[in-house]
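**Q** Following this line is model15.cif, made up of mmCIF, C-alpha atoms and all ligand atoms:
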data_entry
#
loop_
_atom_site.label_atom_id
_atom_site.label_comp_id
_atom_site.auth_asym_id
_atom_site.auth_seq_id
_atom_site.Cartn_x
_atom_site.Cartn_y
_atom_site.Cartn_z
CA MET J 1238 0.00 0.00 0.00
CA SER J 1239 1.38 3.42 -0.92
CA PHE J 1240 1.88 5.94 1.86
CA ALA J 1241 -0.21 8.51 -0.03
CA SER J 1242 -3.28 6.32 0.45
CA LEU J 1243 -2.99 6.78 4.24
CA TYR J 1244 -3.69 10.51 4.11
CA THR J 1245 -7.15 11.40 5.39
CA GLU J 1246 -7.48 13.94 2.60
CA ALA J 1247 -5.95 13.40 -0.85
CA LEU J 1248 -2.96 15.72 -1.33
CA THR J 1249 -3.11 18.28 -4.12
CA ASP J 1250 0.69 18.16 -4.56
CA SER J 1251 3.12 15.37 -3.89
CA THR J 1252 6.02 17.82 -3.25
CA TRP J 1253 6.53 21.24 -1.66
CA THR J 1254 9.22 23.62 -2.93
CA VAL J 1255 10.59 26.54 -0.93
CA PRO J 1256 12.67 29.10 -2.88
CA GLN J 1257 16.16 29.67 -1.46
CA ASN J 1258 18.40 32.69 -1.48
CA PHE J 1259 21.52 32.09 0.56
CA ASP J 1260 25.26 31.74 0.09
CA VAL J 1261 26.82 28.31 0.21
CA CYS J 1262 30.01 28.55 2.24
CA PHE J 1263 33.29 26.63 1.88
CA ASN J 1264 35.95 26.85 4.58
CA TRP J 1265 39.61 26.33 3.55
CA MET J 1266 41.07 26.49 7.04
CA TYR J 1267 39.93 23.05 8.20
CA ASP J 1268 40.34 24.25 11.78
CA THR J 1269 38.57 21.97 14.19
CA GLY J 1270 39.36 24.15 17.18
CA ARG J 1271 36.24 23.77 19.32
CA ALA J 1272 36.65 20.74 21.56
CA GLY J 1273 32.95 20.80 22.51
CA MET J 1274 31.80 20.71 18.88
CA MET J 1275 34.28 17.97 17.93
CA GLY J 1276 33.18 15.95 20.98
CA LEU J 1277 29.61 16.20 19.78
CA TYR J 1278 30.68 15.12 16.27
CA GLN J 1279 32.44 12.10 17.79
CA LYS J 1280 29.27 11.16 19.66
CA GLY J 1281 27.23 11.72 16.51
CA LYS J 1282 29.36 9.13 14.72
CA GLU J 1283 29.50 6.63 17.58
CA PHE J 1284 25.78 6.64 18.37
CA GLN J 1285 24.47 5.86 14.90
CA TRP J 1286 21.80 3.16 14.85
CA ASP J 1287 19.64 1.34 12.35
CA ALA J 1288 15.88 1.70 12.69
CA THR J 1289 15.26 -1.60 10.93
CA THR J 1290 17.31 -3.65 13.43
CA ARG J 1291 17.23 -1.75 16.75
CA ILE J 1292 13.43 -1.73 16.79
CA ASP J 1293 11.36 -4.91 16.61
CA TRP J 1294 8.74 -3.91 14.03
CA SER J 1295 6.78 -7.12 14.51
CA GLN J 1296 5.35 -5.56 17.70
CA GLU J 1297 1.78 -4.38 17.21
CA LEU J 1298 -0.24 -1.38 18.35
CA ASP J 1299 -3.37 -1.70 20.47
CA GLU J 1300 -6.62 -1.79 18.50
CA ASP J 1301 -8.60 0.52 20.81
CA ASN J 1302 -5.82 2.82 21.87
CA PRO J 1303 -2.84 2.39 19.51
CA GLN J 1304 -0.07 3.78 21.75
CA GLN J 1305 -1.94 2.89 24.99
CA LEU J 1306 -1.93 6.47 26.24
CA PRO J 1307 -3.93 7.68 29.27
CA GLU J 1308 -7.39 8.91 28.34
CA GLU J 1309 -6.72 12.44 29.66
CA MET J 1310 -4.08 12.96 26.99
CA LEU J 1311 -6.86 13.20 24.42
CA PRO J 1312 -7.68 16.94 24.35
CA ILE J 1313 -11.45 16.42 24.12
CA ALA J 1314 -11.67 13.58 26.69
CA GLY J 1315 -13.47 15.88 29.15
CA MET J 1316 -16.15 16.96 26.67
CA ASP J 1317 -19.72 15.70 26.90
CA LEU J 1318 -19.75 14.83 23.22
CA TYR J 1319 -16.81 12.48 23.78
CA GLN J 1320 -18.25 10.94 26.94
CA LYS J 1321 -21.43 10.10 25.05
CA MET J 1322 -19.64 8.32 22.18
CA SER J 1323 -19.86 4.55 21.76
CA ALA J 1324 -16.72 2.49 22.55
CA LYS J 1325 -16.08 2.14 18.83
CA GLU J 1326 -16.32 5.90 18.19
CA LYS J 1327 -14.01 6.60 21.12
CA ALA J 1328 -11.44 4.17 19.74
CA GLN J 1329 -11.64 5.87 16.35
CA THR J 1330 -11.14 9.30 17.96
CA ARG J 1331 -8.07 8.11 19.90
CA LYS J 1332 -6.59 6.54 16.80
CA HIS J 1333 -7.04 9.67 14.70
CA PHE J 1334 -5.70 12.06 17.33
CA GLN J 1335 -2.61 9.91 17.90
CA ALA J 1336 -2.06 9.53 14.15
CA TRP J 1337 -2.37 13.31 13.70
CA GLN J 1338 0.23 13.92 16.39
CA LEU J 1339 2.63 11.33 14.99
CA SER J 1340 2.10 12.73 11.49
CA GLN J 1341 3.26 16.13 12.74
CA PHE J 1342 6.31 14.44 14.27
CA MET J 1343 7.09 12.78 10.95
CA GLN J 1344 6.47 15.92 8.87
CA GLY J 1345 8.55 17.99 11.30
CA GLU J 1346 11.35 15.42 11.03
CA GLN J 1347 11.45 15.93 7.28
CA GLY J 1348 11.73 19.67 8.02
CA ALA J 1349 14.65 18.89 10.33
CA LEU J 1350 16.28 16.74 7.64
CA ILE J 1351 16.13 19.61 5.13
CA CYS J 1352 17.28 22.21 7.69
CA ALA J 1353 20.25 20.07 8.80
CA ALA J 1354 21.31 19.76 5.16
CA LYS J 1355 20.96 23.54 4.77
CA ILE J 1356 23.20 24.06 7.81
CA VAL J 1357 25.90 21.81 6.28
CA THR J 1358 26.03 24.00 3.18
CA GLN J 1359 25.64 27.40 4.85
CA VAL J 1360 27.38 27.43 8.23
CA PRO J 1361 30.90 28.95 8.02
CA ASP J 1362 32.70 26.68 10.56
CA ILE J 1363 34.05 23.33 9.43
CA ASP J 1364 33.43 21.62 12.79
CA SER J 1365 29.76 22.64 12.58
CA LYS J 1366 29.59 21.23 9.04
CA PHE J 1367 31.03 17.94 10.32
CA TYR J 1368 28.52 17.69 13.13
CA ALA J 1369 25.53 18.78 11.02
CA SER J 1370 26.32 16.02 8.51
CA THR J 1371 25.69 13.42 11.25
CA GLN J 1372 22.41 15.14 12.04
CA VAL J 1373 21.31 14.73 8.42
CA ILE J 1374 21.43 10.94 8.70
CA ASP J 1375 19.83 11.08 12.18
CA GLU J 1376 16.86 13.01 10.79
CA ALA J 1377 16.47 10.65 7.84
CA ARG J 1378 16.27 7.80 10.35
CA HIS J 1379 13.63 9.69 12.36
CA VAL J 1380 11.47 10.23 9.28
CA GLU J 1381 11.91 6.52 8.52
CA SER J 1382 10.92 5.46 12.06
CA TYR J 1383 7.81 7.62 12.31
CA ARG J 1384 6.77 6.60 8.80
CA MET J 1385 6.95 2.95 9.83
CA LEU J 1386 4.98 3.62 13.02
CA LEU J 1387 2.33 5.60 11.13
CA SER J 1388 1.97 2.84 8.55
CA LYS J 1389 0.81 0.61 11.41
CA PHE J 1390 -1.97 3.13 12.14
CA GLY J 1391 -3.08 3.09 8.53
CA VAL J 1392 -3.90 6.81 8.85
CA ALA J 1393 -1.79 9.92 8.21
CA TYR J 1394 -2.30 13.70 8.22
CA ALA J 1395 -0.64 16.44 6.19
CA MET J 1396 1.67 19.01 7.81
CA THR J 1397 -0.46 21.62 9.60
CA PRO J 1398 -0.43 25.22 8.25
CA PRO J 1399 1.33 26.76 11.33
CA LEU J 1400 4.18 24.22 11.24
CA LYS J 1401 4.49 24.79 7.50
CA GLU J 1402 4.56 28.55 8.03
CA LEU J 1403 7.38 28.32 10.56
CA ILE J 1404 9.47 25.92 8.46
CA ASP J 1405 8.90 28.14 5.42
CA GLN J 1406 10.13 31.24 7.29
CA THR J 1407 13.11 29.36 8.67
CA LEU J 1408 14.16 28.06 5.26
CA ARG J 1409 13.69 31.34 3.38
CA ASP J 1410 15.83 33.32 5.79
CA SER J 1411 19.29 33.84 4.33
CA ARG J 1412 21.06 34.23 7.72
CA TRP J 1413 22.61 30.91 8.77
CA ASP J 1414 21.83 31.25 12.46
CA MET J 1415 18.10 31.59 11.73
CA THR J 1416 17.97 27.98 10.56
CA TYR J 1417 19.31 26.97 13.96
CA LEU J 1418 16.94 29.27 15.78
CA GLY J 1419 13.80 28.15 13.95
CA MET J 1420 14.63 24.46 13.74
CA GLN J 1421 17.18 23.47 16.39
CA VAL J 1422 15.79 25.70 19.11
CA VAL J 1423 12.04 26.19 18.54
CA ILE J 1424 10.78 23.20 16.55
CA GLU J 1425 13.16 20.61 18.01
CA GLY J 1426 12.67 22.00 21.52
CA LEU J 1427 8.91 21.64 21.25
CA ALA J 1428 9.20 18.26 19.58
CA LEU J 1429 11.46 16.97 22.32
CA ALA J 1430 8.89 17.82 24.99
CA ALA J 1431 6.12 16.23 22.91
CA PHE J 1432 8.15 13.05 22.29
CA GLN J 1433 8.83 12.90 26.02
CA THR J 1434 5.12 12.85 26.86
CA THR J 1435 4.58 9.89 24.54
CA ARG J 1436 7.74 8.10 25.68
CA ASP J 1437 6.83 8.46 29.37
CA TYR J 1438 3.07 7.82 29.22
CA ALA J 1439 2.62 5.32 26.36
CA GLN J 1440 2.27 1.76 27.59
CA ASN J 1441 2.79 0.35 24.12
CA PRO J 1442 6.40 -0.94 23.81
CA LEU J 1443 6.77 -0.04 20.12
CA ALA J 1444 5.65 3.57 20.69
CA GLN J 1445 7.95 3.82 23.71
CA GLN J 1446 10.95 2.57 21.78
CA VAL J 1447 10.49 4.81 18.74
CA ASN J 1448 10.18 7.93 20.89
CA ALA J 1449 13.00 7.02 23.28
CA TYR J 1450 15.48 6.27 20.50
CA VAL J 1451 14.60 9.41 18.54
CA MET J 1452 14.99 11.46 21.73
CA GLN J 1453 18.44 10.04 22.34
CA ASP J 1454 19.53 11.67 19.05
CA GLU J 1455 17.52 14.87 19.54
CA SER J 1456 19.36 15.72 22.75
CA ARG J 1457 22.55 16.00 20.68
CA HIS J 1458 20.79 18.21 18.15
CA VAL J 1459 19.65 20.64 20.81
CA ALA J 1460 23.19 20.68 22.26
CA PHE J 1461 24.49 21.49 18.76
CA GLY J 1462 22.22 24.51 18.43
CA ARG J 1463 23.26 25.66 21.88
CA LEU J 1464 26.99 25.37 21.18
CA ALA J 1465 26.81 27.14 17.81
CA LEU J 1466 24.59 30.01 18.93
CA ARG J 1467 26.18 30.57 22.33
CA ASP J 1468 29.45 31.41 20.54
CA TYR J 1469 27.80 33.52 17.87
CA TYR J 1470 25.17 35.72 19.53
CA PRO J 1471 27.53 37.72 21.77
CA GLN J 1472 29.29 38.88 18.56
CA LEU J 1473 26.12 40.48 17.15
CA THR J 1474 24.92 44.05 17.71
CA GLN J 1475 22.01 44.71 20.05
CA LYS J 1476 19.81 45.49 17.03
CA GLU J 1477 20.65 42.16 15.43
CA ARG J 1478 19.92 40.32 18.67
CA ASP J 1479 16.60 42.18 18.99
CA GLU J 1480 15.58 40.91 15.55
CA ARG J 1481 16.30 37.33 16.65
CA GLU J 1482 14.31 37.81 19.84
CA GLU J 1483 11.35 39.09 17.89
CA PHE J 1484 11.41 36.11 15.53
CA LEU J 1485 11.78 33.74 18.46
CA ILE J 1486 8.88 34.98 20.51
CA GLU J 1487 6.59 35.14 17.48
CA ALA J 1488 7.51 31.58 16.57
CA CYS J 1489 6.70 30.45 20.12
CA TYR J 1490 3.29 32.14 20.08
CA LEU J 1491 2.58 30.68 16.64
CA MET J 1492 3.30 27.16 17.84
CA ARG J 1493 1.38 27.62 21.09
CA ASP J 1494 -1.73 29.31 19.76
CA ARG J 1495 -2.23 27.93 16.31
CA PHE J 1496 -1.01 24.38 16.63
CA GLU J 1497 -4.48 22.96 17.04
CA SER J 1498 -5.76 19.58 16.03
CA ARG J 1499 -8.67 20.99 14.04
CA GLU J 1500 -7.93 18.62 11.13
CA VAL J 1501 -8.76 15.67 13.38
CA TRP J 1502 -12.09 17.05 14.55
CA ALA J 1503 -13.04 17.94 10.96
CA THR J 1504 -12.14 14.47 9.68
CA LEU J 1505 -14.23 12.86 12.41
CA GLY J 1506 -17.20 15.14 11.66
CA LEU J 1507 -17.12 16.79 15.14
CA PRO J 1508 -17.93 20.49 15.76
CA VAL J 1509 -14.44 21.88 15.09
CA GLN J 1510 -14.62 25.23 16.89
CA GLU J 1511 -16.26 23.73 19.96
CA CYS J 1512 -13.47 21.14 20.24
CA VAL J 1513 -10.73 23.75 19.69
CA ASP J 1514 -12.27 26.07 22.30
CA PHE J 1515 -12.47 23.25 24.80
CA GLN J 1516 -8.86 22.35 24.11
CA TYR J 1517 -7.84 25.93 24.96
CA SER J 1518 -9.92 26.43 28.05
CA SER J 1519 -9.33 23.06 29.73
CA PRO J 1520 -6.82 23.50 32.63
CA LEU J 1521 -5.35 20.08 31.97
CA MET J 1522 -4.62 20.96 28.34
CA LYS J 1523 -3.10 24.27 29.45
CA THR J 1524 -0.66 22.37 31.65
CA PHE J 1525 0.22 20.07 28.76
CA ARG J 1526 0.71 23.03 26.42
CA ASN J 1527 2.94 24.89 28.86
CA GLY J 1528 4.97 21.72 29.40
CA LEU J 1529 5.94 21.88 25.73
CA PHE J 1530 8.17 24.85 26.56
CA MET J 1531 10.18 23.06 29.22
CA ARG J 1532 13.02 22.31 26.81
CA ILE J 1533 13.04 25.60 24.87
CA VAL J 1534 13.11 28.24 27.60
CA PRO J 1535 16.41 27.22 29.30
CA ILE J 1536 18.16 27.01 25.90
CA VAL J 1537 16.96 30.49 24.91
CA LYS J 1538 18.36 31.88 28.16
CA ASP J 1539 21.63 30.02 27.66
CA ILE J 1540 22.27 31.31 24.12
CA GLY J 1541 21.84 34.88 25.32
CA LEU J 1542 18.53 35.87 23.71
CA TRP J 1543 17.22 36.87 27.10
CA GLY J 1544 16.09 40.46 26.57
CA GLU J 1545 13.01 42.13 27.97
CA LYS J 1546 10.75 41.12 25.09
CA VAL J 1547 11.52 37.42 25.42
CA GLN J 1548 11.20 37.39 29.20
CA LYS J 1549 7.93 39.30 29.03
CA GLY J 1550 6.57 36.92 26.38
CA TYR J 1551 7.46 33.84 28.40
CA ALA J 1552 6.03 35.37 31.58
CA ASP J 1553 2.80 36.08 29.68
CA MET J 1554 2.72 32.47 28.47
CA GLY J 1555 3.34 31.27 32.04
CA VAL J 1556 6.51 29.38 31.14
CA LEU J 1557 9.25 31.65 32.54
CA ASP J 1558 9.99 29.27 35.44
CA TYR J 1559 11.38 26.71 33.01
CA ALA J 1560 14.41 29.00 32.56
CA ASP J 1561 16.17 27.18 35.40
CA THR J 1562 15.55 23.64 34.08
CA ASP J 1563 18.70 21.53 34.19
CA VAL J 1564 18.98 20.70 30.48
CA GLU J 1565 22.04 18.52 30.87
CA ALA J 1566 20.33 16.35 33.49
CA LEU J 1567 17.37 15.91 31.09
CA GLN J 1568 19.75 14.90 28.29
CA LYS J 1569 21.50 12.33 30.49
CA ASN J 1570 18.11 10.93 31.42
CA ASP J 1571 17.06 10.71 27.73
CA ASP J 1572 20.20 8.73 27.03
CA SER J 1573 19.78 6.33 29.95
CA ILE J 1574 16.11 5.62 29.16
CA ALA J 1575 17.06 4.60 25.60
CA ARG J 1576 19.86 2.37 26.96
CA GLU J 1577 17.49 0.73 29.45
CA LEU J 1578 15.09 -0.16 26.62
CA ASP J 1579 18.01 -1.69 24.70
CA ALA J 1580 19.01 -3.71 27.76
CA ARG J 1581 15.43 -4.91 28.26
CA ARG J 1582 15.24 -6.05 24.66
CA THR J 1583 18.56 -7.89 24.87
CA HIS J 1584 17.36 -9.56 28.07
CA ILE J 1585 14.09 -10.69 26.46
CA ARG J 1586 15.92 -11.98 23.40
CA SER J 1587 18.45 -13.99 25.41
CA THR J 1588 15.69 -15.44 27.61
CA ILE J 1589 13.81 -16.60 24.47
CA GLU J 1590 17.01 -18.07 23.00
CA ALA J 1591 17.80 -19.88 26.26
CA GLY J 1592 14.25 -21.28 26.28
CA ILE J 1593 14.59 -22.56 22.71
CA ALA J 1594 17.98 -24.13 23.49
CA ALA J 1595 16.57 -25.87 26.56
CA SER J 1596 13.54 -27.31 24.77
FE FE T 1 14.76 14.38 14.52
FE FE T 2 16.71 16.69 15.39
#
Could I get this structure in the form of structure tokens?
Ligand SMILES: [Fe+2]
Ligand SMILES: [Fe+2]

**A**
Amino acid sequence: MSFASLYTEALTDSTWTVPQNFDVCFNWMYDTGRAGMMGLYQKGKEFQWDATTRIDWSQELDEDNPQQLPEEMLPIAGMDLYQKMSAKEKAQTRKHFQAWQLSQFMQGEQGALICAAKIVTQVPDIDSKFYASTQVIDEARHVESYRMLLSKFGVAYAMTPPLKELIDQTLRDSRWDMTYLGMQVVIEGLALAAFQTTRDYAQNPLAQQVNAYVMQDESRHVAFGRLALRDYYPQLTQKERDEREEFLIEACYLMRDRFESREVWATLGLPVQECVDFQYSSPLMKTFRNGLFMRIVPIVKDIGLWGEKVQKGYADMGVLDYADTDVEALQKNDDSIARELDARRTHIRSTIEAGIAAS
């Protein structure tokens, strides 16, 4: 079955082209002076993995609740119209919402793949080019993994307009650091928090594995953005930094306020605006939405885009307290969770093999 047949609505175009206007940069010095960046490149090479062998794709999803997520993670779970649905309709709603979310992960990963390739060609430093090249293959593997997971759902959604708008802006900008800011900081930061919710709350082993392994790579990507921008932003003028802050805060509002799942409610024939309004007024959903900024805010502070406008914006969004999150501790935890899942799988495999040998 072709992937195109999984889309809830037939696509009008099979490709999307974004015009580019930036300089490709060679560097003849071959200086690999930054130990931090070269250390990250080394890790990028050492931690490569193969999605077809590290993950056991014979594992299945649950029929009623594919990733086995808690009911309250469905944004409309508290609505009367949902409570009154039959068991079959509820299962269909869960499946579509989860497929919509995973589709955005997959579509965003293709955005990351393209942006990482743009960084390779555009960034002036050779050590950054080296590292970004490892990110290109990481992102291809992420697209591959989410595509395989979505194929098991049998349903897929197109990239939502707000995500498309942000990726479009990021790609059209001719300044190399803006690709990092839009993709490595905002989109990857939000994605990391969203992957974490699925990794930590999904009871389905396949969904857990995909998200944990992708997150193990993403932590390096966020560290890459941090290293590159932390060195660069102090060299800019205040006016140039102000422009970055403006872009940043607008991007955060865009992703917070317009990243709705209206496509799901429309596909299911539910009253779209009523569902969207509920999603925005429900305190539980507000907590979930704010949680998405846990990984972005400390990075923004660390790279030095911490002017009045940004702080005011984050205070208004109610996410300023995340500024003191220990990002390195989170990254270590992401790494150890992925390793634990590997160890569990090895243990299960050796127990099965021992059983076969004994019989
Ligand atoms: Fe990724
Ligand atoms: Fe990434």

**Q** Could the residues of range 1343-1398 of chain J that have an atom at most 12 Å from range 1437-1444 of chain J be listed as a Markdown table, each with its closest atom pair and the distance in Å to one decimal, counting all atoms listed in the file and ordered by chain and ascending residue number?

**A**
| residue | atom | partner | partner_atom | distance |
| --- | --- | --- | --- | --- |
| J:Ser1382 | CA | J:Ala1444 | CA | 10.3 |
| J:Tyr1383 | CA | J:Ala1444 | CA | 9.6 |
| J:Met1385 | CA | J:Leu1443 | CA | 10.7 |
| J:Leu1386 | CA | J:Ala1444 | CA | 7.7 |
| J:Leu1387 | CA | J:Ala1444 | CA | 10.3 |
| J:Lys1389 | CA | J:Leu1443 | CA | 10.6 |
| J:Phe1390 | CA | J:Ala1444 | CA | 11.5 |

**Q** Please, which residues have at least one atom within 6 Å of an atom of ligand FE 2 (chain T), using all atoms listed in the file, listed as a ChimeraX atom specification?

**A** /J:1349,1376,1425,1455,1458

**Q** Using all atoms listed in the file, pick whichever of J:Ile1313, J:Leu1418, J:Ala1241, J:Val1373 has the shortest atom-to-atom distance to Pro1508 in chain J.

**A**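 When distances to Pro1508 in chain J are compared using all atoms listed in the file, the smallest one comes from J:Ile1313.
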
**Q** Leaving out Ser1519 in chain J and any residue of its chain fewer than 3 positions from it, which residues lie within 10 Å of it when counting all atoms listed in the file, given as a list in words?

**A** Pro1312, Ile1313, Gly1315, Met1316, Asp1514, Phe1515, Gln1516, Met1522, Lys1523 and Thr1524 of chain J

**Q** Could you work out how far CA of Gln1338 in chain J lies from CA of Arg1291 in chain J, giving the answer in Å with one decimal?

**A**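 So the two atoms, CA of Arg1291 in chain J and CA of Gln1338 in chain J, lie 23.1 Å apart.
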
**Q** Please measure the separation of CA of Ser1340 in chain J and CA of Ser1365 in chain J, giving the value in Å to one decimal.

**A**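 Interatomic distance, CA of Ser1340 in chain J to CA of Ser1365 in chain J: 29.4 Å.
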
**Q** Chain J near ligand FE 1 (chain T) within 9 Å: what's each residue's closest atom pair and its distance in Å to one decimal, counting only C-alpha atoms and all ligand atoms, ordered by chain then ascending residue number, as a tab-separated table?

**A**
residue	atom	partner	partner_atom	distance
J:Phe1342	CA	T:FE1	FE	8.5
J:Met1343	CA	T:FE1	FE	8.6
J:Gly1345	CA	T:FE1	FE	7.9
J:Glu1346	CA	T:FE1	FE	5.0
J:Gln1347	CA	T:FE1	FE	8.1
J:Gly1348	CA	T:FE1	FE	8.9
J:Ala1349	CA	T:FE1	FE	6.2
J:Leu1350	CA	T:FE1	FE	7.4
J:Gln1372	CA	T:FE1	FE	8.1
J:Val1373	CA	T:FE1	FE	9.0
J:Asp1375	CA	T:FE1	FE	6.5
J:Glu1376	CA	T:FE1	FE	4.5
J:Ala1377	CA	T:FE1	FE	7.8
J:Arg1378	CA	T:FE1	FE	7.9
J:His1379	CA	T:FE1	FE	5.3
J:Val1380	CA	T:FE1	FE	7.5
J:Glu1425	CA	T:FE1	FE	7.3
J:Ala1428	CA	T:FE1	FE	8.5
J:Leu1429	CA	T:FE1	FE	8.9
J:Val1451	CA	T:FE1	FE	6.4
J:Met1452	CA	T:FE1	FE	7.8
J:Asp1454	CA	T:FE1	FE	7.1
J:Glu1455	CA	T:FE1	FE	5.7
J:His1458	CA	T:FE1	FE	8.0

**Q** Go ahead and compute the interatomic distance for CA of Met1531 in chain J and CA of Asp1553 in chain J, in Å to one decimal.

**A**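 Distance reported for this atom pair: 15.0 Å.
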
**Q** Which centre and which edge lengths, in Å to one decimal, describe the axis-aligned box that holds all listed atoms of range 1524-1542 of chain J after 8 Å is added on each side, as AutoDock Vina command-line options?

**A**
--center_x 10.8 --center_y 28.0 --center_z 27.7 --size_x 38.9 --size_y 31.8 --size_z 23.9

**Q** Please identify every residue of range 1352-1399 of chain J that has at least one atom no farther than 9 Å from an atom of range 1489-1503 of chain J, counting all atoms listed in the file, and for each give the shortest atom pair and the distance in Å to one decimal, arranged by chain then increasing number, as JSON lines.

**A**
{"residue": "J:Tyr1394", "atom": "CA", "partner": "J:Glu1500", "partner_atom": "CA", "distance": 8.0}
{"residue": "J:Thr1397", "atom": "CA", "partner": "J:Phe1496", "partner_atom": "CA", "distance": 7.6}
{"residue": "J:Pro1398", "atom": "CA", "partner": "J:Phe1496", "partner_atom": "CA", "distance": 8.4}
{"residue": "J:Pro1399", "atom": "CA", "partner": "J:Arg1495", "partner_atom": "CA", "distance": 6.2}

**Q** Considering all atoms listed in the file, state which residue in the set J:Lys1476, J:Arg1463, J:Arg1384, J:Arg1481 is at the smallest distance from Ser1239 in chain J.

**A**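 Selected residue with least distance to Ser1239 in chain J: J:Arg1384.
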
**Q** Can you save range 1346-1358 of chain J of the given block to a file, including C-alpha atoms and formatted as a short mmCIF file (atom, residue, chain, number, x, y, z; two decimals), in the first residue's frame?

**A**
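Heads up, here's the output in result-v1.cif:
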data_model
loop_
_atom_site.label_atom_id
_atom_site.label_comp_id
_atom_site.auth_asym_id
_atom_site.auth_seq_id
_atom_site.Cartn_x
_atom_site.Cartn_y
_atom_site.Cartn_z
CA GLU J 1346 11.35 15.42 11.03
CA GLN J 1347 11.45 15.93 7.28
CA GLY J 1348 11.73 19.67 8.02
CA ALA J 1349 14.65 18.89 10.33
CA LEU J 1350 16.28 16.74 7.64
CA ILE J 1351 16.13 19.61 5.13
CA CYS J 1352 17.28 22.21 7.69
CA ALA J 1353 20.25 20.07 8.80
CA ALA J 1354 21.31 19.76 5.16
CA LYS J 1355 20.96 23.54 4.77
CA ILE J 1356 23.20 24.06 7.81
CA VAL J 1357 25.90 21.81 6.28
CA THR J 1358 26.03 24.00 3.18
#
